[in-house]
Structures are given as structure tokens and as C-alpha cells.
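Visitor: What follows is run-v3.cif, made up of mmCIF, C-alpha atoms:
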```cif
data_coords
#
loop_
_atom_site.label_atom_id
_atom_site.label_comp_id
_atom_site.auth_asym_id
_atom_site.auth_seq_id
_atom_site.Cartn_x
_atom_site.Cartn_y
_atom_site.Cartn_z
CA MET A 128 41.05 -22.15 49.51
CA GLU A 129 37.32 -22.53 49.97
CA HIS A 130 36.96 -18.88 49.09
CA THR A 131 38.76 -19.43 45.84
CA VAL A 132 36.46 -22.30 45.01
CA LYS A 133 33.40 -20.15 45.75
CA GLN A 134 34.69 -17.38 43.54
CA ASN A 135 35.29 -19.85 40.78
CA SER A 136 31.76 -21.08 41.18
CA GLU A 137 30.66 -17.85 39.54
CA GLN A 138 32.23 -19.13 36.35
CA PRO A 139 29.24 -21.29 35.32
CA ASP A 140 27.17 -18.09 35.22
CA LYS A 141 29.08 -17.09 32.12
CA ARG A 142 28.35 -20.46 30.59
CA THR A 143 24.65 -20.01 31.36
CA LYS A 144 24.79 -16.70 29.57
CA MET A 145 26.47 -18.38 26.63
CA SER A 146 23.74 -20.98 26.36
CA ASN A 147 21.13 -18.23 26.61
CA THR A 148 22.76 -16.63 23.61
CA ASN A 149 22.44 -19.93 21.80
CA LYS A 150 18.75 -20.01 22.68
CA ASN A 151 18.33 -17.03 20.37
CA GLU A 152 19.24 -19.35 17.49
CA PRO A 153 16.09 -20.69 15.86
CA VAL A 154 14.97 -23.93 17.53
CA THR A 155 11.57 -24.18 15.86
CA GLU A 156 11.91 -26.38 12.79
CA PHE A 157 9.69 -26.91 9.77
CA THR A 158 10.70 -30.18 8.11
CA ILE A 159 9.23 -30.86 4.67
CA ILE A 160 8.34 -34.57 4.37
CA PRO A 161 8.82 -35.59 0.69
CA ASN A 162 5.36 -35.76 -0.95
CA GLY A 163 3.86 -35.43 2.53
CA PRO A 164 3.10 -32.95 5.29
CA ILE A 165 5.22 -30.36 7.10
CA LYS A 166 6.50 -31.56 10.46
CA VAL A 167 6.72 -28.71 12.96
CA THR A 168 8.75 -29.07 16.16
CA GLY A 169 9.83 -26.67 18.89
CA ASN A 170 8.28 -23.52 20.28
CA PHE A 171 5.25 -22.46 18.22
CA ILE A 172 1.57 -21.57 18.31
CA ILE A 173 -1.09 -22.06 15.64
CA LYS A 174 -3.80 -19.45 15.11
CA ASP A 175 -6.86 -19.87 12.90
CA ALA A 176 -8.12 -17.23 10.47
CA LYS A 177 -10.02 -15.56 13.33
CA ASP A 178 -6.84 -15.38 15.48
CA GLN A 179 -8.06 -18.11 17.87
CA VAL A 180 -5.21 -20.29 19.16
CA ILE A 181 -5.56 -23.97 18.25
CA GLU A 182 -4.28 -26.26 21.02
CA THR A 183 -1.55 -28.60 19.78
CA ASP A 184 1.21 -30.91 20.94
CA CYS A 185 4.81 -29.75 20.69
CA GLU A 186 5.08 -31.67 17.40
CA VAL A 187 2.47 -31.50 14.63
CA LEU A 188 2.08 -32.61 11.02
CA LEU A 189 0.46 -29.90 8.88
CA CYS A 190 -1.31 -30.80 5.63
CA ARG A 191 0.40 -29.65 2.45
CA CYS A 192 -1.68 -31.51 -0.17
CA GLY A 193 -4.98 -29.71 0.42
CA ALA A 194 -7.00 -32.93 0.71
CA THR A 195 -7.10 -33.49 4.47
CA SER A 196 -10.49 -33.60 6.14
CA ASN A 197 -8.93 -32.39 9.41
CA GLN A 198 -7.47 -28.99 8.48
CA PRO A 199 -4.83 -27.83 9.17
CA PHE A 200 -3.49 -31.24 10.18
CA CYS A 201 -2.36 -34.16 8.03
CA ASP A 202 -4.75 -37.14 7.85
CA ARG A 203 -2.59 -39.08 5.37
CA SER A 204 -4.82 -38.11 2.42
CA HIS A 205 -1.64 -37.19 0.47
CA ILE A 206 -1.07 -40.92 -0.08
CA LYS A 207 -4.25 -41.02 -2.21
CA VAL A 208 -3.65 -37.62 -3.83
CA GLY A 209 -0.03 -38.35 -4.69
CA LEU A 210 1.33 -34.87 -3.91
CA LEU A 211 4.48 -34.32 -5.97
CA ASP A 212 7.27 -32.04 -4.78
CA MET B 57 14.09 -0.05 -7.62
CA ASN B 58 13.30 -3.37 -9.32
CA SER B 59 11.56 -3.10 -12.71
CA ASN B 60 8.49 -4.94 -11.36
CA ASP B 61 8.10 -2.51 -8.45
CA ARG B 62 5.22 -0.05 -8.67
CA GLU B 63 4.05 3.17 -7.04
CA TYR B 64 0.47 4.34 -6.63
CA SER B 65 -0.51 7.78 -5.29
CA ASN B 66 -3.49 9.76 -4.13
CA LYS B 67 -3.32 13.35 -2.91
CA ASP B 68 -2.03 12.31 0.57
CA ILE B 69 0.19 9.25 0.24
CA THR B 70 2.14 7.04 -2.17
CA VAL B 71 1.84 3.25 -1.83
CA PHE B 72 4.82 1.14 -2.95
CA TRP B 73 4.42 -2.42 -4.24
CA TYR B 74 7.46 -4.77 -4.16
CA PRO B 75 6.22 -8.05 -5.72
CA SER B 76 9.44 -9.96 -4.96
CA LYS B 77 8.73 -9.59 -1.21
CA CYS B 78 5.12 -10.83 -1.42
CA ILE B 79 4.36 -14.16 0.32
CA HIS B 80 0.65 -14.16 -0.69
CA ALA B 81 -0.63 -13.77 2.83
CA THR B 82 -3.69 -12.19 1.10
CA THR B 83 -4.16 -9.72 3.96
CA CYS B 84 -4.46 -6.69 1.65
CA TYR B 85 -7.26 -7.83 -0.62
CA ARG B 86 -9.12 -9.67 2.11
CA GLU B 87 -9.20 -6.46 4.13
CA LEU B 88 -9.74 -3.94 1.35
CA ILE B 89 -10.76 -5.34 -2.03
CA GLU B 90 -11.93 -1.85 -3.08
CA VAL B 91 -8.27 -0.78 -3.20
CA PHE B 92 -6.26 -4.02 -3.57
CA ASN B 93 -7.84 -6.17 -6.26
CA PRO B 94 -5.44 -8.70 -7.85
CA ARG B 95 -7.93 -9.38 -10.67
CA LYS B 96 -7.83 -5.74 -11.88
CA ARG B 97 -5.16 -3.72 -13.66
CA PRO B 98 -3.76 -1.64 -12.15
CA TRP B 99 -4.40 -3.85 -9.13
CA VAL B 100 -4.19 -0.92 -6.68
CA ASN B 101 -6.95 1.69 -6.87
CA MET B 102 -6.05 4.62 -4.64
CA ASP B 103 -9.55 6.11 -5.01
CA GLY B 104 -11.19 3.01 -3.51
CA ALA B 105 -11.00 4.01 0.17
CA PRO B 106 -10.02 6.91 2.46
CA THR B 107 -6.28 7.43 3.02
CA GLU B 108 -6.48 6.38 6.71
CA ARG B 109 -8.00 3.02 5.75
CA ILE B 110 -5.36 2.38 3.05
CA ILE B 111 -2.59 3.12 5.57
CA GLU B 112 -4.17 0.75 8.09
CA VAL B 113 -4.20 -2.14 5.60
CA VAL B 114 -0.73 -1.47 4.14
CA ASP B 115 0.65 -1.54 7.70
CA LYS B 116 -0.80 -5.06 8.12
CA CYS B 117 1.26 -6.47 5.21
CA PRO B 118 3.47 -9.07 6.94
CA THR B 119 6.46 -8.71 4.60
CA GLN B 120 6.57 -5.04 3.63
CA ALA B 121 5.78 -6.00 0.04
CA LEU B 122 3.41 -3.08 0.50
CA ALA B 123 4.76 0.13 1.99
CA TRP B 124 3.63 3.74 1.99
CA LYS B 125 4.82 7.30 2.56
CA TRP B 126 3.21 10.67 3.03
CA ASN B 127 3.57 12.87 -0.03
CA ASP B 128 4.22 15.81 2.31
CA GLU B 129 7.92 15.67 3.28
CA ALA B 130 7.60 17.05 6.82
CA ARG B 131 4.80 14.65 7.65
CA GLU B 132 6.80 11.76 6.18
CA ALA B 133 9.87 12.59 8.31
CA GLU B 134 7.68 12.29 11.42
CA HIS B 135 6.19 9.00 10.18
CA GLN B 136 9.66 7.50 9.64
CA LEU B 137 10.67 8.33 13.22
CA ASN B 138 7.60 6.50 14.55
CA THR B 139 8.24 3.46 12.31
CA ALA B 140 11.85 3.15 13.51
CA HIS B 141 10.57 3.07 17.10
CA VAL B 142 8.17 0.19 16.41
CA THR B 143 10.89 -1.85 14.66
CA SER B 144 13.28 -1.63 17.63
CA GLU B 145 10.52 -2.74 20.02
CA GLU B 146 9.82 -5.76 17.85
CA SER B 147 13.47 -6.82 17.69
CA ILE B 148 13.58 -7.11 21.51
CA ALA B 149 10.82 -9.73 21.54
CA GLN B 150 13.00 -12.56 20.25
CA THR B 151 11.89 -15.33 22.58
CA LYS B 152 8.25 -15.28 21.46
CA PRO B 153 6.98 -18.58 20.06
CA VAL B 154 6.88 -18.91 16.29
CA GLU B 155 3.38 -18.06 15.07
CA ILE B 156 1.68 -20.18 12.42
CA LYS B 157 -1.36 -18.36 11.06
CA LEU B 158 -3.94 -20.26 8.99
CA MET B 159 -5.12 -17.98 6.18
CA LYS B 160 -8.72 -18.50 5.05
CA ASP B 161 -8.67 -20.35 1.69
CA GLY B 162 -4.90 -19.74 1.62
CA PRO B 163 -1.47 -20.68 2.95
CA LEU B 164 0.16 -21.08 6.38
CA VAL B 165 1.85 -17.79 7.19
CA VAL B 166 4.75 -18.32 9.59
CA SER B 167 6.51 -15.57 11.55
CA GLY B 168 9.20 -15.68 14.23
CA LYS B 169 12.64 -17.30 14.29
CA PHE B 170 12.67 -20.71 12.64
CA LYS B 171 14.47 -23.13 10.32
CA VAL B 172 13.11 -24.83 7.22
CA ILE B 173 14.47 -28.25 6.31
CA GLY B 174 13.73 -29.20 2.71
CA SER B 175 12.34 -32.52 1.46
CA ASN B 176 15.93 -33.61 0.68
CA GLY B 177 16.88 -33.22 4.36
CA VAL B 178 19.01 -30.15 3.70
CA GLU B 179 18.30 -26.96 5.60
CA ILE B 180 16.85 -24.43 3.17
CA LYS B 181 17.48 -21.47 5.47
CA SER B 182 16.68 -19.75 8.73
CA MET B 183 13.93 -17.25 8.20
CA SER B 184 11.68 -14.87 10.06
CA MET B 185 8.69 -14.83 7.72
CA THR B 186 7.36 -17.12 5.01
CA SER B 187 4.20 -18.78 3.76
CA PHE B 188 3.82 -22.51 3.11
CA CYS B 189 1.44 -23.92 0.50
CA ARG B 190 -1.48 -25.88 1.90
CA CYS B 191 -3.56 -26.26 -1.29
CA GLY B 192 -1.15 -28.74 -2.89
CA ALA B 193 -0.93 -26.84 -6.19
CA SER B 194 2.03 -24.46 -5.70
CA ASN B 195 4.72 -24.44 -8.37
CA SER B 196 7.35 -23.41 -5.84
CA MET B 197 6.83 -26.07 -3.15
CA PRO B 198 6.92 -25.98 -0.19
CA PHE B 199 6.17 -22.26 -0.43
CA CYS B 200 2.96 -20.53 -1.48
CA ASP B 201 2.97 -18.94 -4.94
CA GLY B 202 -0.63 -17.72 -4.95
CA THR B 203 -1.96 -20.67 -7.02
CA HIS B 204 -4.72 -21.31 -4.40
CA ARG B 205 -6.62 -18.38 -5.95
CA LYS B 206 -6.73 -20.05 -9.38
CA THR B 207 -7.63 -23.49 -8.02
CA GLU B 208 -10.26 -21.91 -5.72
CA PHE B 209 -8.90 -23.80 -2.71
CA ARG B 210 -11.33 -23.71 0.24
CA THR B 211 -10.46 -24.22 3.90
CA THR B 212 -12.63 -25.21 6.83
CA ARG B 213 -10.03 -23.98 9.31
#
```
Would you mind writing the structure in this file as C-alpha cells?
Guide:
Amino acid sequence: MEHTVKQNSEQPDKRTKMSNTNKNEPVTEFTIIPNGPIKVTGNFIIKDAKDQVIETDCEVLLCRCGATSNQPFCDRSHIKVGLLD
Amino acid sequence: MNSNDREYSNKDITVFWYPSKCIHATTCYRELIEVFNPRKRPWVNMDGAPTERIIEVVDKCPTQALAWKWNDEAREAEHQLNTAHVTSEESIAQTKPVEIKLMKDGPLVVSGKFKVIGSNGVEIKSMSMTSFCRCGASNSMPFCDGTHRKTEFRTTR
């Protein structure tokens, strides 16, 4: 009986494979905040114009209004600018 | 072929321009203004640089809005074989992180596998390449439409 159980224990492998397949689905999300920045979550890197990687957290707010003084990140300047979608 | 599509040739190659695929990454004119000048008509001048240099810059277009082929058929057949090889190598690398590239005085160019959720909370779509406006003046928010050139948007990073 123990043997049977052990053989069955190979079953979860298939499930692992299934979830690996699901990992190929996009998990990195760009959420557009109305009249505000873009929220980025998931697996991503940011590179500047010279291809240097900018260190970030796993969640960032990227400026969309053009008025931030901390490019490329949001500094809440959009509230003054009144960016309209 | 779409009616807005264009072809430009020199003695060696023909460059194809598919405006509907352009995400205004600005790579072409930043790299080679002598050939790709959006302020001139026609905007592509095939006499502006050697063929090898034009090929190099067209190959950097992130969306294939620019493409090229050898005018010589045998040479082109060989080129197509090489291109197919590169594409299959790229499709294997699916687990790479999404790359967000900050374009100088321009948009955020995003490549990889990702989702975009619109300002109404509804998923716009899953994509592999796009560019988001960061000048605030786009008429097709949240995406770049090239308006940053007119408004002379400047970036510090």
C-alpha cells in the first residue's frame, strides 16, 4: 500500500507543471490611475536612456503628466497639472 | 499593403514603413537623423547613410514598423533564414522580466509579457510591446502618439 501512495505522490509533479504553464501568463501589470500615474506591479526592470538599470521596488508609480521633478516617478504633480484622460 | 505604408529603396535594399505599427520609440531618428527625419518629406532619405548603417538602425526598431529587404533575391532568401532563427530564439526567453525603457525626451517603451488595465479598471489587453505617454499631452492616452515632439517635452531621466 505504501508503494501505491509513493507512486501517487508523483501526481503533484503534474500540478507543478500546470502552474508553471500558468506562470507564462503575463503577471506584470500596468494599471492606469485615472488622471494620475501608471502603477506597475510584478516582474519588471526599468532602464534609463543610456540602458542603465534604475533600482526600484516591486511596485512603482510612473509619471504620466510630464510635470514630476523626480522622473520617471510620480511626485503627485498631476494634482496641480490636472492631467485629463 | 495598407495605403499609408511606404517603400524606400537604394541600389542595395528596400526599406518598408508601416505607420500603423509605430509606437514612437524614436529609435530611428535618434540614431540616424540623416536618413530618418520626421520633419522632412519624404521622411526617409536612402542616400543619407551607407546601406550597412541603415540596416543596423532598421533592425533596432522595436515594433517592425520599419523593415527592410535586400533587392537581390538570393541575398534576401539568406537574410530571411537568419531572421527566422533570431525570432525562434527570442520566443524561448519568455520568463525574462518586462523591460521598461525610458526614452530621452519621449515615452516609456515597454517590452515583454504584460497586461494593461485602463483607467476604468477594465483590462485593455495583454501585450508584448507598447509605449506609454509620459509628457501628458498625448491624444490617445495612456499611449504615446508622438505629441512630445510638438510640445518639446524634455526629460532629465
Visitor: When you draw a straight line from atom CA of Lys116 of chain B to atom CA of Thr183 of chain A, how long is it in Å?
Guide: 26.3 Å
Visitor: Pull out every residue that the PyMOL selection byres ((chain B and resi 90) around 12) matches in the shown coordinates and put them as a ChimeraX atom specification.
Guide: /B:84-89,91-96,99-106,109-110,113
Visitor: Per residue of chain B within 9 Å of chain A, record the nearest atom pair and its distance in Å to one decimal, counting all atoms listed in the file, with rows in chain order and ascending residue number, as a tab-separated table.
Guide:
```
residue	atom	partner	partner_atom	distance
B:Gln150	CA	A:Asn151	CA	7.0
B:Thr151	CA	A:Asn151	CA	7.0
B:Lys152	CA	A:Asn170	CA	8.3
B:Pro153	CA	A:Phe171	CA	4.6
B:Val154	CA	A:Phe171	CA	4.4
B:Glu155	CA	A:Ile172	CA	5.1
B:Ile156	CA	A:Ile173	CA	4.6
B:Lys157	CA	A:Lys174	CA	4.9
B:Leu158	CA	A:Asp175	CA	4.9
B:Met159	CA	A:Ala176	CA	5.3
B:Lys160	CA	A:Ala176	CA	5.6
B:Leu164	CA	A:Pro199	CA	8.8
B:Gly168	CA	A:Pro153	CA	8.7
B:Lys169	CA	A:Pro153	CA	5.1
B:Phe170	CA	A:Pro153	CA	4.7
B:Lys171	CA	A:Glu156	CA	4.8
B:Val172	CA	A:Phe157	CA	4.7
B:Ile173	CA	A:Thr158	CA	4.6
B:Gly174	CA	A:Ile159	CA	5.2
B:Ser175	CA	A:Pro161	CA	4.7
B:Asn176	CA	A:Pro161	CA	7.4
B:Gly177	CA	A:Thr158	CA	7.8
B:Glu179	CA	A:Thr158	CA	8.6
B:Ser182	CA	A:Pro153	CA	7.2
B:Met183	CA	A:Pro153	CA	8.7
B:Phe188	CA	A:Arg191	CA	7.9
B:Cys189	CA	A:Arg191	CA	6.1
B:Arg190	CA	A:Arg191	CA	4.2
B:Cys191	CA	A:Gly193	CA	4.1
B:Gly192	CA	A:Cys192	CA	3.9
B:Ala193	CA	A:Cys192	CA	7.7
B:Asn195	CA	A:Asp212	CA	8.8
B:Ser196	CA	A:Asp212	CA	8.7
B:Met197	CA	A:Asp212	CA	6.2
B:Pro198	CA	A:Ile159	CA	7.3
B:Phe209	CA	A:Gly193	CA	7.8
B:Arg210	CA	A:Gly193	CA	8.7
B:Thr211	CA	A:Gln198	CA	7.3
B:Thr212	CA	A:Gln198	CA	6.6
B:Arg213	CA	A:Gln198	CA	5.7
```
Visitor: So how many Å separate atom CA of Ser65 of chain B and atom CA of Trp126 of chain B, to one decimal?
Guide: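 Computed distance, atom CA of Ser65 of chain B to atom CA of Trp126 of chain B, equals 9.6 Å.
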Visitor: For atom CA of Met185 of chain B and atom CA of Phe199 of chain B, quote the distance in Å rounded to one decimal.
Guide: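 Atom-to-atom, atom CA of Met185 of chain B to atom CA of Phe199 of chain B, that is 11.3 Å.
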Visitor: Can you turn the PyMOL selection byres ((chain B and resi 186) around 6) into a concrete residue list for this file, as a list in words?
Guide: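 Given this file, the PyMOL selection byres ((chain B and resi 186) around 6) evaluates to Val165, Val166, Met185 and Ser187 of chain B.
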Visitor: Could you rebuild segment 202-213 of chain B with all heavy atoms and give it back as a compact mmCIF listing (two decimals), in the coordinates of the input?
Guide:
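Dumped to selection_28.txt:
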```
# COMPACT_ATOMS: atom_id res chain seq x y z
N GLY B 202 0.64 -18.39 -4.61
CA GLY B 202 -0.63 -17.72 -4.95
C GLY B 202 -1.56 -18.58 -5.80
O GLY B 202 -2.67 -18.13 -6.13
N THR B 203 -1.15 -19.81 -6.15
CA THR B 203 -1.96 -20.67 -7.02
C THR B 203 -3.33 -21.00 -6.41
O THR B 203 -4.29 -21.25 -7.14
CB THR B 203 -1.19 -21.98 -7.35
OG1 THR B 203 0.05 -21.62 -7.92
CG2 THR B 203 -1.94 -22.86 -8.34
N HIS B 204 -3.43 -20.99 -5.05
CA HIS B 204 -4.72 -21.31 -4.40
C HIS B 204 -5.87 -20.44 -4.90
O HIS B 204 -7.01 -20.85 -4.84
CB HIS B 204 -4.58 -21.19 -2.87
CG HIS B 204 -4.11 -19.85 -2.41
ND1 HIS B 204 -2.79 -19.54 -2.25
CD2 HIS B 204 -4.80 -18.72 -2.10
CE1 HIS B 204 -2.67 -18.28 -1.85
NE2 HIS B 204 -3.87 -17.76 -1.76
N ARG B 205 -5.57 -19.25 -5.42
CA ARG B 205 -6.62 -18.38 -5.95
C ARG B 205 -7.19 -18.98 -7.23
O ARG B 205 -8.39 -18.98 -7.45
CB ARG B 205 -6.07 -16.99 -6.24
CG ARG B 205 -6.14 -16.06 -5.06
CD ARG B 205 -6.15 -14.61 -5.50
NE ARG B 205 -4.92 -14.27 -6.20
CZ ARG B 205 -4.89 -13.67 -7.39
NH1 ARG B 205 -6.00 -13.37 -8.02
NH2 ARG B 205 -3.74 -13.38 -7.96
N LYS B 206 -6.28 -19.48 -8.10
CA LYS B 206 -6.73 -20.05 -9.38
C LYS B 206 -7.49 -21.35 -9.18
O LYS B 206 -8.47 -21.62 -9.85
CB LYS B 206 -5.51 -20.31 -10.30
CG LYS B 206 -4.90 -19.04 -10.85
CD LYS B 206 -3.78 -19.38 -11.84
CE LYS B 206 -2.76 -18.25 -11.88
NZ LYS B 206 -1.39 -18.72 -11.97
N THR B 207 -6.98 -22.19 -8.22
CA THR B 207 -7.63 -23.49 -8.02
C THR B 207 -8.85 -23.39 -7.11
O THR B 207 -9.52 -24.38 -6.86
CB THR B 207 -6.63 -24.50 -7.40
OG1 THR B 207 -6.18 -23.97 -6.15
CG2 THR B 207 -5.43 -24.73 -8.29
N GLU B 208 -9.13 -22.16 -6.61
CA GLU B 208 -10.26 -21.91 -5.72
C GLU B 208 -10.27 -22.87 -4.52
O GLU B 208 -11.28 -23.47 -4.18
CB GLU B 208 -11.59 -21.95 -6.49
CG GLU B 208 -11.61 -20.90 -7.59
CD GLU B 208 -12.96 -20.73 -8.25
OE1 GLU B 208 -13.76 -21.67 -8.20
OE2 GLU B 208 -13.19 -19.65 -8.82
N PHE B 209 -9.08 -22.99 -3.91
CA PHE B 209 -8.90 -23.80 -2.71
C PHE B 209 -9.76 -23.25 -1.58
O PHE B 209 -9.83 -22.04 -1.37
CB PHE B 209 -7.41 -23.76 -2.32
CG PHE B 209 -7.08 -24.47 -1.04
CD1 PHE B 209 -7.34 -25.82 -0.89
CD2 PHE B 209 -6.47 -23.79 0.01
CE1 PHE B 209 -7.01 -26.48 0.29
CE2 PHE B 209 -6.12 -24.44 1.18
CZ PHE B 209 -6.41 -25.79 1.31
N ARG B 210 -10.48 -24.14 -0.88
CA ARG B 210 -11.33 -23.71 0.24
C ARG B 210 -10.88 -24.41 1.53
O ARG B 210 -10.59 -25.60 1.51
CB ARG B 210 -12.80 -24.04 -0.03
CG ARG B 210 -13.39 -23.27 -1.20
CD ARG B 210 -13.58 -21.79 -0.84
NE ARG B 210 -13.98 -20.99 -1.99
CZ ARG B 210 -13.15 -20.28 -2.75
NH1 ARG B 210 -11.86 -20.25 -2.48
NH2 ARG B 210 -13.59 -19.56 -3.76
N THR B 211 -10.85 -23.63 2.62
CA THR B 211 -10.46 -24.22 3.90
C THR B 211 -11.66 -24.26 4.84
O THR B 211 -12.58 -23.45 4.71
CB THR B 211 -9.35 -23.38 4.56
OG1 THR B 211 -9.80 -22.03 4.68
CG2 THR B 211 -8.08 -23.43 3.76
N THR B 212 -11.61 -25.19 5.78
CA THR B 212 -12.63 -25.21 6.83
C THR B 212 -12.05 -24.62 8.10
O THR B 212 -12.76 -24.23 9.01
CB THR B 212 -13.10 -26.64 7.13
OG1 THR B 212 -11.96 -27.44 7.42
CG2 THR B 212 -13.83 -27.23 5.93
N ARG B 213 -10.70 -24.57 8.16
CA ARG B 213 -10.03 -23.98 9.31
C ARG B 213 -8.63 -23.56 8.91
O ARG B 213 -8.02 -24.18 8.07
CB ARG B 213 -9.96 -24.99 10.46
CG ARG B 213 -9.49 -24.36 11.73
CD ARG B 213 -9.81 -25.18 12.94
NE ARG B 213 -9.00 -26.39 12.97
CZ ARG B 213 -8.93 -27.21 14.02
NH1 ARG B 213 -9.63 -26.95 15.10
NH2 ARG B 213 -8.19 -28.29 13.99
```
